[in-house]
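Here the structure comes first, spelled out in structure tokens, and everything after it is commentary.
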Amino acid sequence: MGDFSEADGHLTAATEISRATSPGGDVAFQNGIHTPDLQARRNRPRTFPYFSTLPYEVETEQRRQDDLAEILKHLYIAVQAGDFTPGAVHWTRELRSWLSLKFDPTKEQRIQLVNLYYELALAPGVEPSVAERFASMFMMLTKKKHYLKPVKELTLDWRPLFRELRLFVLPQESGLIQTTNLKRNPKTLNKLCQFAQWYFSPEETLNMLEEFLPYFTLSFSESAFVVVGLINLLVPSMPAPAERKDLAVQKIMPTYFHLWALINRSKSVDINFLDLFSRLAREGLPVAHVDFGEYGIFTKDQATLIFTAVLRLLEIPVGQSTSPYSPVVDLGAGMGLLLERDPRKHPVSHHIARWIVMSLSPACLESKHSILSLLENLIQAIETFFHPSNSGSWTRTLAQLVFYLADFFVMRWNREQKHEMEVPADRRLNAELKRRFVTCLKDVIFMGIYAKSGTAMSYSLSTLQALAYLEPDLILPG
């Protein structure tokens, strides 16, 4: 997935280091070279010895740091002088080249650079094309969460980004309709939100909602879509500290479900809220002070409602109806479309699978009704639509859904087994839960591998591989 780097390289052997999720540790070697100050540079070491395997000598550590100091000195001079182009742009390009050689700045340098480029990308008066280069550099510096721990090591202010977004999505409220800022690319701002959102403080959640919700109105449906999009793009999904009882997940969740209930039969809104809930489930899983049960951080009624939306999003035909959605509703989205994530990079099946897998725990085995039983009921209800003879527009989505379900489960299983993911003991996946999960998907995958669609068949074969990795006795004959 565009955003699916978290699931790359899941199917690693039990004896290997997971390349996508390597452990932090106190390893003092990086790229095959002794690096005593490694922890000052990365929270997690690189897993491939780049420098020691090159067929030529590389620069010494001192030379690398001298080059970086030279780049940062000239970058500082250019910014102080207001020389954004060509000055700051040129030294930004030099910095990008330095980073692309697998060199790492210290955490303090990275934090300062992230703050600098965040401000430059949103600074008024900067040419849009130049601002896009600064935004691209910001994304490069923050593209991996393990570079800097969100909130603990870096916190960003959400207000400058909201002010820029408001000019596009709420022009009637900004009072500045004819400005040079409108030459900015809204897609760049959208992408900037996806990277910056990790570093917004969860303690700002109420302030964000107090800023966004007054714009929500069904009299002018575009505003409702805009508010839902802003909540999904800007509100942080990390749980607030334990002492902030007023920001507990279940204190705010009723607000989200009420907003969702007000906009019926909108595919766009369903996708936005599923994306939000799946991220809340993922971030709540490892936090001990967040209540967690057989439905994850959700209640039974909330989980059931979400599964109803999942069934709608799969768009399986019922009788003469081809879709449960009304095209007229989403036509009123207007500027809200600018706040949607790219469905090719963030498919809805990815959100669904993330929400389900990150809500699983051994508590599902102790209760007759749980998120796992809801998944089993869903798969049983749509089982006939996996049959090769019953193909249609839903075939790809269903194949993609079971692929992401298996992929996320393998990712979580690997990370928990290798202690790369700190999850409380009572929430960790166990062998019995794993076996029941594989049994749930087994039958539909055996049908899916014979799909007429090449893409669906490819997804099914990859899923089969994942299930065989988890439970070879159930999948492989003999």
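Residue numbers start at 1 in each chain; chains themselves are named A, B, ... in the order of the structure tokens; ligands are numbered from 1 in the order shown.
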Check which residues of segment 266-352 of chain A sit at most 10 Å from segment 361-379 of chain A using only C-alpha atoms, and return one row each with the closest pair of atoms and their distance in Å to one decimal, ordered by chain and rising number, as JSON lines.
```
{"residue": "A:Leu285", "atom": "CA", "partner": "A:Ser361", "partner_atom": "CA", "distance": 9.3}
{"residue": "A:Phe292", "atom": "CA", "partner": "A:Ser361", "partner_atom": "CA", "distance": 8.6}
{"residue": "A:Gly293", "atom": "CA", "partner": "A:Ala363", "partner_atom": "CA", "distance": 6.1}
{"residue": "A:Glu294", "atom": "CA", "partner": "A:Cys364", "partner_atom": "CA", "distance": 4.7}
{"residue": "A:Tyr295", "atom": "CA", "partner": "A:Ile371", "partner_atom": "CA", "distance": 5.0}
{"residue": "A:Gly296", "atom": "CA", "partner": "A:Ser361", "partner_atom": "CA", "distance": 7.4}
{"residue": "A:Phe298", "atom": "CA", "partner": "A:Ile371", "partner_atom": "CA", "distance": 9.6}
{"residue": "A:Thr299", "atom": "CA", "partner": "A:Ser370", "partner_atom": "CA", "distance": 9.8}
{"residue": "A:Lys300", "atom": "CA", "partner": "A:Ser370", "partner_atom": "CA", "distance": 7.7}
{"residue": "A:Ala303", "atom": "CA", "partner": "A:Ile371", "partner_atom": "CA", "distance": 7.1}
{"residue": "A:Thr304", "atom": "CA", "partner": "A:Leu374", "partner_atom": "CA", "distance": 7.7}
{"residue": "A:Phe307", "atom": "CA", "partner": "A:Leu374", "partner_atom": "CA", "distance": 7.6}
{"residue": "A:Thr308", "atom": "CA", "partner": "A:Leu378", "partner_atom": "CA", "distance": 9.5}
{"residue": "A:Val310", "atom": "CA", "partner": "A:Leu378", "partner_atom": "CA", "distance": 9.2}
{"residue": "A:Leu311", "atom": "CA", "partner": "A:Leu378", "partner_atom": "CA", "distance": 7.8}
```
Residues near segment 387-398 of chain A, cut-off 7 Å, only C-alpha atoms, skip fewer than 3 positions along chain, as a PyMOL selection string: chain A and resi 314-316+349+384+401-402+447-448+450-452+455-456
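Taking atom CA of Glu210 of chain A and atom CA of Ala242 of chain A as the two end points, the separation is 21.6 Å.
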Test item: residues at most 12 Å from Leu165 of chain A, only C-alpha atoms, excluding those fewer than 6 positions along its chain, as a PyMOL selection string: chain A and resi 122+158-159+171+173-174+181-182+184-193+212+226-227+229-230+233-234+335-336+338-339
Write a file of the selected residues as a PDB file, in the first residue's frame, keeping N, CA and C atoms.
```
ATOM      1  N   LEU A 122       4.693  25.703   5.300  1.00  0.00           N
ATOM      2  CA  LEU A 122       3.419  26.389   5.541  1.00  0.00           C
ATOM      3  C   LEU A 122       3.573  27.901   5.658  1.00  0.00           C
ATOM      4  N   TRP A 158      -0.699  21.868  15.251  1.00  0.00           N
ATOM      5  CA  TRP A 158      -1.625  21.562  14.158  1.00  0.00           C
ATOM      6  C   TRP A 158      -2.260  22.817  13.555  1.00  0.00           C
ATOM      7  N   ARG A 159      -2.206  23.929  14.248  1.00  0.00           N
ATOM      8  CA  ARG A 159      -2.945  25.120  13.804  1.00  0.00           C
ATOM      9  C   ARG A 159      -2.458  25.711  12.471  1.00  0.00           C
ATOM     10  N   PRO A 171     -13.567  28.183   2.449  1.00  0.00           N
ATOM     11  CA  PRO A 171     -13.204  29.543   2.006  1.00  0.00           C
ATOM     12  C   PRO A 171     -14.156  30.605   2.504  1.00  0.00           C
ATOM     13  N   GLU A 173     -15.437  30.805   5.338  1.00  0.00           N
ATOM     14  CA  GLU A 173     -15.164  31.118   6.739  1.00  0.00           C
ATOM     15  C   GLU A 173     -13.829  31.838   6.922  1.00  0.00           C
ATOM     16  N   SER A 174     -12.928  31.695   5.944  1.00  0.00           N
ATOM     17  CA  SER A 174     -11.574  32.239   6.118  1.00  0.00           C
ATOM     18  C   SER A 174     -11.518  33.735   5.882  1.00  0.00           C
ATOM     19  N   ASN A 181      -2.068  32.049  -1.534  1.00  0.00           N
ATOM     20  CA  ASN A 181      -2.007  30.722  -0.926  1.00  0.00           C
ATOM     21  C   ASN A 181      -2.870  29.715  -1.676  1.00  0.00           C
ATOM     22  N   LEU A 182      -3.876  30.196  -2.400  1.00  0.00           N
ATOM     23  CA  LEU A 182      -4.752  29.287  -3.132  1.00  0.00           C
ATOM     24  C   LEU A 182      -4.030  28.638  -4.303  1.00  0.00           C
ATOM     25  N   ARG A 184      -1.404  26.993  -3.822  1.00  0.00           N
ATOM     26  CA  ARG A 184      -0.840  25.768  -3.259  1.00  0.00           C
ATOM     27  C   ARG A 184      -1.600  24.560  -3.783  1.00  0.00           C
ATOM     28  N   ASN A 185      -0.941  23.433  -3.775  1.00  0.00           N
ATOM     29  CA  ASN A 185      -1.591  22.192  -4.201  1.00  0.00           C
ATOM     30  C   ASN A 185      -2.265  21.546  -2.991  1.00  0.00           C
ATOM     31  N   PRO A 186      -3.590  21.438  -2.987  1.00  0.00           N
ATOM     32  CA  PRO A 186      -4.271  20.841  -1.820  1.00  0.00           C
ATOM     33  C   PRO A 186      -3.868  19.388  -1.585  1.00  0.00           C
ATOM     34  N   LYS A 187      -3.455  18.683  -2.644  1.00  0.00           N
ATOM     35  CA  LYS A 187      -3.008  17.295  -2.473  1.00  0.00           C
ATOM     36  C   LYS A 187      -1.741  17.232  -1.619  1.00  0.00           C
ATOM     37  N   THR A 188      -0.874  18.243  -1.788  1.00  0.00           N
ATOM     38  CA  THR A 188       0.344  18.296  -0.977  1.00  0.00           C
ATOM     39  C   THR A 188       0.000  18.530   0.489  1.00  0.00           C
ATOM     40  N   LEU A 189      -0.961  19.432   0.747  1.00  0.00           N
ATOM     41  CA  LEU A 189      -1.396  19.675   2.125  1.00  0.00           C
ATOM     42  C   LEU A 189      -2.014  18.421   2.728  1.00  0.00           C
ATOM     43  N   ASN A 190      -2.789  17.695   1.923  1.00  0.00           N
ATOM     44  CA  ASN A 190      -3.404  16.447   2.372  1.00  0.00           C
ATOM     45  C   ASN A 190      -2.326  15.454   2.793  1.00  0.00           C
ATOM     46  N   LYS A 191      -1.298  15.321   1.953  1.00  0.00           N
ATOM     47  CA  LYS A 191      -0.217  14.385   2.253  1.00  0.00           C
ATOM     48  C   LYS A 191       0.587  14.851   3.463  1.00  0.00           C
ATOM     49  N   LEU A 192       0.754  16.164   3.584  1.00  0.00           N
ATOM     50  CA  LEU A 192       1.467  16.728   4.729  1.00  0.00           C
ATOM     51  C   LEU A 192       0.749  16.358   6.030  1.00  0.00           C
ATOM     52  N   CYS A 193      -0.576  16.376   5.987  1.00  0.00           N
ATOM     53  CA  CYS A 193      -1.365  16.009   7.171  1.00  0.00           C
ATOM     54  C   CYS A 193      -1.070  14.576   7.591  1.00  0.00           C
ATOM     55  N   PHE A 212     -13.307  22.434  14.940  1.00  0.00           N
ATOM     56  CA  PHE A 212     -13.917  21.869  13.734  1.00  0.00           C
ATOM     57  C   PHE A 212     -15.446  21.786  13.816  1.00  0.00           C
ATOM     58  N   VAL A 226     -16.612  18.182   5.068  1.00  0.00           N
ATOM     59  CA  VAL A 226     -15.324  18.822   5.375  1.00  0.00           C
ATOM     60  C   VAL A 226     -14.915  18.535   6.814  1.00  0.00           C
ATOM     61  N   VAL A 227     -15.860  18.653   7.752  1.00  0.00           N
ATOM     62  CA  VAL A 227     -15.545  18.420   9.168  1.00  0.00           C
ATOM     63  C   VAL A 227     -15.114  16.974   9.399  1.00  0.00           C
ATOM     64  N   GLY A 229     -13.741  15.015   7.204  1.00  0.00           N
ATOM     65  CA  GLY A 229     -12.412  14.886   6.609  1.00  0.00           C
ATOM     66  C   GLY A 229     -11.331  15.484   7.488  1.00  0.00           C
ATOM     67  N   LEU A 230     -11.611  16.637   8.101  1.00  0.00           N
ATOM     68  CA  LEU A 230     -10.633  17.281   8.988  1.00  0.00           C
ATOM     69  C   LEU A 230     -10.360  16.428  10.230  1.00  0.00           C
ATOM     70  N   LEU A 233      -8.105  13.579   9.155  1.00  0.00           N
ATOM     71  CA  LEU A 233      -6.750  13.956   8.755  1.00  0.00           C
ATOM     72  C   LEU A 233      -5.917  14.577   9.871  1.00  0.00           C
ATOM     73  N   LEU A 234      -6.571  15.258  10.822  1.00  0.00           N
ATOM     74  CA  LEU A 234      -5.812  16.038  11.798  1.00  0.00           C
ATOM     75  C   LEU A 234      -5.870  15.517  13.234  1.00  0.00           C
ATOM     76  N   MET A 335     -15.945  20.507  -1.502  1.00  0.00           N
ATOM     77  CA  MET A 335     -14.535  20.633  -1.137  1.00  0.00           C
ATOM     78  C   MET A 335     -14.070  19.521  -0.198  1.00  0.00           C
ATOM     79  N   GLY A 336     -15.013  18.775   0.374  1.00  0.00           N
ATOM     80  CA  GLY A 336     -14.644  17.660   1.237  1.00  0.00           C
ATOM     81  C   GLY A 336     -13.846  16.600   0.500  1.00  0.00           C
ATOM     82  N   LEU A 338     -11.314  17.094  -1.260  1.00  0.00           N
ATOM     83  CA  LEU A 338      -9.886  17.417  -1.155  1.00  0.00           C
ATOM     84  C   LEU A 338      -9.248  16.772   0.069  1.00  0.00           C
ATOM     85  N   LEU A 339     -10.086  16.363   1.039  1.00  0.00           N
ATOM     86  CA  LEU A 339      -9.571  15.809   2.290  1.00  0.00           C
ATOM     87  C   LEU A 339      -9.565  14.282   2.297  1.00  0.00           C
TER      88      LEU A 339
END
```
Atomic separation - atom CA of Leu470 of chain A relative to atom CA of Arg412 of chain A, Å: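 So the two atoms, atom CA of Arg412 of chain A and atom CA of Leu470 of chain A, lie 11.6 Å apart.
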Helix (DSSP H, G or I) positions in segment 206-313 of chain A, given as a VMD selection string: chain A and resid 206 to 215 221 to 234 245 to 247 249 to 262 267 to 284 300 to 313
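For the set A:Pro286, A:Pro254, A:Pro105, A:Pro160, the residue with the smallest atom-to-atom gap to Met421 of chain A is A:Pro286, counting only C-alpha atoms.
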d(atom CA of Glu283 of chain A, atom CA of Asp270 of chain A) in Å: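 Distance between the two atoms: 20.1 Å.
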